[in-house]
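Enquirer: Structure in structure tokens, see below.
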Amino acid sequence: MSETTSREVRLISRPQGLPTAADFKITQTKLEPLQDQQVLVRNLFLSVDPYMRGRMNDGKSYLPPFELNQPMEGGAVGEVVGSRASEFKPGEVVTSTYGWRESFIAHSKDLHRVSRGVQPLSVYLGALGMTGMTAWAGLKLGEVKAGDVIYISGAAGAVGSVAGQLAKLKGCRVIGSAGSIEKVAFLREECGFDIAFDYKIGPVVEQLKVEAPDGIDVYFDNVGGESLEAALTCLRPHGRIIACGGISGYNAENPQPGPSNLFNMTTKRLTMKGLLVRDWLDHQTEFEKEVGGYFKAGQLKHKETVVCGIENAVSAFLGLFSGQNLGKMVVKLA
Ligand SMILES: NC(=O)c1ccc[n+]([C@@H]2O[C@H](COP(=O)([O-])OP(=O)(O)OC[C@H]3O[C@@H](n4cnc5c(N)ncnc54)[C@H](OP(=O)(O)O)[C@@H]3O)[C@@H](O)[C@H]2O)c1
């Protein structure tokens with residue numbers, strides 16, 4: 001790549017069910033000379049995230065659909081290589097939402113400077129980025145406190161692994177589920193979860209009843225489906241559900257039935273709150289101070305799975321739906 005060209009990933013068709021490589025294409029574009037207040041950024045890491053699947057569909061949602069034949073938007077960390085804005089100098093590191101491109105030109109107001117001293121820089125896409133903030137905000141939304149028994153699904157992923165560690169720091173008893181023996185070991189041995197189980201080896205509800213015989217106070221939902229139904233069974237009266245994600249249904253071609261035991265919401269007087277991390281952007285400074293402090297003090301582990309090269313960004317994204325990642329899935333660019 002020279003300084004004036006960039007490869008980028010574009011969505012070229014709206015997937016039905018699980019996306020395939022044929023729904024995307026990589027194109028090379030030429031970058032124009034910088035105008036006043038513009039900055040040229042070379043990306044170092046791209047984020048691939050489950051929510052992007054929703055943006056591949058047409059139709060109204062909390063974010064607009066990705067435009068066909070346009071570069072896909074998303075979180076990225078990059079280095080300033082040229083600038084006509086006094087606020088940014090070459091060599092500085094910035095985050096953006098310009099997404100799946102090797103290099104791009106942005107208006108300075110669309111960039112957020114971060115410290116190069118924090119390593120790896122990909123942490124700004126994970127524990128200190130959008131997914132870490134989701135975990136932090138979710139615990140606040142669910143009013144999670146010391147002594148709570150909290151169950152987290154999708155626990156070995158970007159949001160789940162941070163949510164569990166932060167809940168431990170708050171003094172909770174933390175139970176996590178994930179899709180392999182290796183992930184279960186990671187949760188127990190590296191993230192400090194009290195209990196972790198593999199949701200693929202038996203019904204979630206049976207495993208959860210064994211691991212939490214007296215029930216749970218909070219459920220941090222990253223997957224929906226069977227795990228949500230199990231949590232509704234195991235929640236104690238006045239329990240809380242943090243509705244963060246439902247990845248088990250993101251590729252469904254038809255609407256999925258809701259939990260068969262939803263009436264437990266009534267009989268147990270449960271509360272379920274929907275979480276959108278973008279509602280919490282006003283709390284960015286508070287998040288950075290608190291969670292950044294834990295990270296710098298070595299109290300919070302940032303685990304990631306790194307895939308190299310923009311040509312592998314699509315397979316990294318698809319890997320989220322078959323559990324290829326431990327921690328945050330990121331794409332490293334040369
Ligand atoms: N509300 C918000 O503002 C917000 C913000 C960020 C993320 N989210 C949501 O939070 C959830 C986690 O996001 P993340 O970025 O941390 O992703 P992630 O957990 O790092 O990656 C996705 C993981 O989901 C699991 N998975 C895939 N298909 C599954 C299925 N059918 N059933 C159960 N688990 C499945 C896989 O782990 P296993 O190997 O364990 O199956 C995979 O590693 C997603 O639902 C995402 O959409 C919400």
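In the structure tokens, the first chain shown is A, the next is B, and so on; residue numbers restart at 1 for each chain, and ligands run from 1 in the order shown.
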Give me, as CSV, each residue of segment 200-317 of chain A that comes within 9 Å of segment 167-181 of chain A, together with its shortest interatomic pair and the distance in Å at one decimal, counting only C-alpha atoms, with rows ordered by chain and rising residue number.
Expert:
residue,atom,partner,partner_atom,distance
A:Lys200,CA,A:Gly179,CA,5.8
A:Ile201,CA,A:Gly179,CA,8.6
A:Val204,CA,A:Ser177,CA,8.5
A:Leu208,CA,A:Ile175,CA,8.6
A:Glu211,CA,A:Ile175,CA,7.9
A:Ala212,CA,A:Ile175,CA,8.2
A:Ser227,CA,A:Ser177,CA,8.9
A:Gln299,CA,A:Leu169,CA,8.4
Enquirer: Please find the residues contacting ligand 1 at a distance of at most 8 Å between atoms, with only C-alpha atoms and all ligand atoms counted, and report them as an MDAnalysis selection string.
Expert: chainID A and resid 48:51 130:131 134 153:161 177:180 183 198:199 221:225 227 243:249 274:278 319:329
Enquirer: Create the file for the chosen residues now, containing N, CA and C atoms and written as a compact mmCIF listing (two decimals), in the first residue's frame.
Expert:
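File out-v3.txt, as written:
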# COMPACT_ATOMS: atom_id res chain seq x y z
N VAL A 48 -13.95 -6.24 14.44
CA VAL A 48 -15.11 -6.93 13.86
C VAL A 48 -16.01 -7.31 15.02
N ASP A 49 -17.30 -7.06 14.88
CA ASP A 49 -18.23 -7.18 16.00
C ASP A 49 -19.55 -7.82 15.55
N PRO A 50 -20.17 -8.58 16.48
CA PRO A 50 -21.45 -9.23 16.14
C PRO A 50 -22.53 -8.24 15.69
N TYR A 51 -22.55 -7.01 16.26
CA TYR A 51 -23.64 -6.08 15.90
C TYR A 51 -23.62 -5.73 14.42
N MET A 130 -15.15 0.02 22.87
CA MET A 130 -16.60 -0.13 22.86
C MET A 130 -17.08 -1.34 23.65
N THR A 131 -16.39 -2.48 23.50
CA THR A 131 -16.90 -3.68 24.18
C THR A 131 -16.67 -3.61 25.69
N THR A 134 -19.29 -1.44 27.06
CA THR A 134 -20.58 -2.15 27.12
C THR A 134 -20.67 -2.96 28.41
N SER A 153 -23.62 -15.00 29.94
CA SER A 153 -23.46 -15.89 28.78
C SER A 153 -22.50 -15.22 27.79
N GLY A 154 -22.01 -16.01 26.84
CA GLY A 154 -20.99 -15.46 25.93
C GLY A 154 -19.81 -14.93 26.74
N ALA A 155 -19.49 -15.63 27.81
CA ALA A 155 -18.60 -15.06 28.84
C ALA A 155 -17.15 -14.94 28.39
N ALA A 156 -16.72 -15.76 27.43
CA ALA A 156 -15.31 -15.71 27.03
C ALA A 156 -15.06 -14.73 25.88
N GLY A 157 -16.09 -13.99 25.49
CA GLY A 157 -15.92 -13.02 24.41
C GLY A 157 -15.50 -11.66 24.95
N ALA A 158 -15.55 -10.67 24.06
CA ALA A 158 -15.05 -9.33 24.39
C ALA A 158 -15.84 -8.70 25.54
N VAL A 159 -17.15 -8.67 25.41
CA VAL A 159 -17.98 -8.06 26.46
C VAL A 159 -18.00 -8.95 27.70
N GLY A 160 -18.26 -10.23 27.50
CA GLY A 160 -18.46 -11.14 28.61
C GLY A 160 -17.24 -11.25 29.52
N SER A 161 -16.06 -11.33 28.92
CA SER A 161 -14.86 -11.54 29.75
C SER A 161 -14.57 -10.30 30.60
N SER A 177 -20.80 -18.86 31.02
CA SER A 177 -20.89 -19.99 30.09
C SER A 177 -20.21 -19.61 28.78
N ALA A 178 -19.58 -20.61 28.17
CA ALA A 178 -18.89 -20.39 26.90
C ALA A 178 -18.84 -21.73 26.16
N GLY A 179 -18.37 -21.68 24.90
CA GLY A 179 -18.58 -22.81 24.01
C GLY A 179 -17.44 -23.80 23.85
N SER A 180 -16.49 -23.87 24.77
CA SER A 180 -15.47 -24.92 24.66
C SER A 180 -14.78 -25.10 26.01
N LYS A 183 -12.23 -22.38 26.61
CA LYS A 183 -12.82 -21.10 27.05
C LYS A 183 -13.22 -21.17 28.52
N ASP A 198 -19.45 -25.23 29.98
CA ASP A 198 -19.54 -25.28 28.52
C ASP A 198 -21.00 -25.51 28.15
N TYR A 199 -21.62 -24.49 27.55
CA TYR A 199 -23.06 -24.59 27.27
C TYR A 199 -23.38 -25.61 26.18
N ASP A 221 -27.07 -10.89 29.59
CA ASP A 221 -27.39 -11.69 28.40
C ASP A 221 -26.64 -11.20 27.17
N ASN A 222 -25.77 -12.05 26.66
CA ASN A 222 -25.08 -11.74 25.40
C ASN A 222 -25.58 -12.59 24.25
N VAL A 223 -26.36 -13.63 24.56
CA VAL A 223 -26.68 -14.57 23.48
C VAL A 223 -28.17 -14.80 23.24
N GLY A 224 -29.03 -14.58 24.24
CA GLY A 224 -30.45 -14.85 24.06
C GLY A 224 -30.74 -16.35 24.02
N GLY A 225 -31.87 -16.72 23.39
CA GLY A 225 -32.19 -18.13 23.15
C GLY A 225 -32.22 -18.96 24.42
N SER A 227 -30.03 -19.67 26.65
CA SER A 227 -29.43 -19.13 27.88
C SER A 227 -30.40 -18.18 28.58
N ALA A 243 -30.12 -6.87 29.17
CA ALA A 243 -30.33 -7.37 27.79
C ALA A 243 -29.32 -6.70 26.88
N CYS A 244 -28.17 -7.34 26.71
CA CYS A 244 -27.07 -6.74 25.95
C CYS A 244 -27.03 -7.23 24.53
N GLY A 245 -27.17 -8.54 24.32
CA GLY A 245 -27.07 -9.08 22.96
C GLY A 245 -27.82 -10.38 22.83
N GLY A 246 -28.01 -10.80 21.58
CA GLY A 246 -28.73 -12.05 21.31
C GLY A 246 -28.12 -12.78 20.12
N ILE A 247 -26.81 -13.02 20.20
CA ILE A 247 -26.10 -13.53 19.02
C ILE A 247 -26.65 -14.86 18.53
N SER A 248 -27.30 -15.62 19.40
CA SER A 248 -27.80 -16.92 18.94
C SER A 248 -28.87 -16.75 17.85
N GLY A 249 -29.44 -15.55 17.75
CA GLY A 249 -30.49 -15.34 16.75
C GLY A 249 -30.10 -14.43 15.60
N GLY A 274 -32.94 -3.05 28.56
CA GLY A 274 -32.18 -3.08 27.31
C GLY A 274 -31.00 -2.14 27.41
N LEU A 275 -29.86 -2.61 26.90
CA LEU A 275 -28.61 -1.84 26.97
C LEU A 275 -28.17 -1.46 25.56
N LEU A 276 -27.90 -0.20 25.35
CA LEU A 276 -27.21 0.23 24.12
C LEU A 276 -26.03 1.08 24.57
N VAL A 277 -24.84 0.63 24.24
CA VAL A 277 -23.65 1.32 24.76
C VAL A 277 -23.60 2.76 24.28
N ARG A 278 -24.16 3.03 23.11
CA ARG A 278 -24.09 4.42 22.60
C ARG A 278 -24.86 5.40 23.49
N GLY A 319 -15.97 -15.68 11.91
CA GLY A 319 -15.52 -16.53 13.02
C GLY A 319 -16.22 -16.23 14.33
N LEU A 320 -16.78 -15.03 14.46
CA LEU A 320 -17.51 -14.68 15.68
C LEU A 320 -18.71 -15.60 15.88
N PHE A 321 -19.26 -16.08 14.76
CA PHE A 321 -20.49 -16.86 14.85
C PHE A 321 -20.22 -18.35 15.03
N SER A 322 -18.96 -18.71 15.00
CA SER A 322 -18.61 -20.11 15.32
C SER A 322 -17.63 -20.14 16.48
N GLY A 323 -17.56 -19.05 17.21
CA GLY A 323 -16.76 -19.04 18.44
C GLY A 323 -15.26 -19.15 18.21
N GLN A 324 -14.76 -18.61 17.10
CA GLN A 324 -13.31 -18.70 16.82
C GLN A 324 -12.48 -17.80 17.74
N ASN A 325 -13.14 -16.88 18.40
CA ASN A 325 -12.39 -15.90 19.20
C ASN A 325 -12.41 -16.23 20.68
N LEU A 326 -11.29 -15.93 21.31
CA LEU A 326 -11.19 -15.91 22.77
C LEU A 326 -10.92 -14.45 23.10
N GLY A 327 -11.82 -13.82 23.84
CA GLY A 327 -11.69 -12.37 24.05
C GLY A 327 -12.09 -11.63 22.79
N LYS A 328 -11.52 -10.43 22.63
CA LYS A 328 -11.91 -9.55 21.52
C LYS A 328 -11.30 -10.02 20.19
N MET A 329 -12.11 -10.09 19.16
CA MET A 329 -11.61 -10.42 17.82
C MET A 329 -11.17 -9.12 17.16
Enquirer: Apply DSSP to the backbone of this structure and, from segment 40-225 of chain A, keep only the residues in strand (DSSP E or B); write these as a ChimeraX atom specification.
Expert: /A:40-47,71,74,76-83,93-96,98,101,103-107,112-114,149-152,157,173-178,195-198,216-221
Enquirer: Can you pull out every residue within 9 Å of Leu125 of chain A, counting only C-alpha atoms, but drop anything in the same chain fewer than 4 positions away, and send it as a list in words?
Expert: Phe45, Leu46, Ser47, Gly75, Ala76, Val77, Thr95, Leu121, Gly129, Met130, Thr131, Gly132, Lys328 and Val330 of chain A
Enquirer: Write down as a ChimeraX atom specification the residues belonging to segment 22-261 of chain A that are assigned helix (DSSP H, G or I) by DSSP computed on the backbone.
Expert: /A:22-23,51-55,108-110,121-125,130-141,158-170,181-189,204-211,225-234,247-249
Enquirer: Using only C-alpha atoms, pick whichever of A:Leu318, A:Met72, A:Ile26, A:Leu235 has the shortest atom-to-atom distance to Tyr250 of chain A.
Expert: A:Leu318
Enquirer: With only C-alpha atoms as the basis for distance, which of A:Pro213, A:Pro237, A:Gly293, A:Gly202 is at the shortest distance from Thr266 of chain A?
Expert: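 Nearest candidate to Thr266 of chain A out of A:Pro213, A:Pro237, A:Gly293, A:Gly202: A:Pro237.
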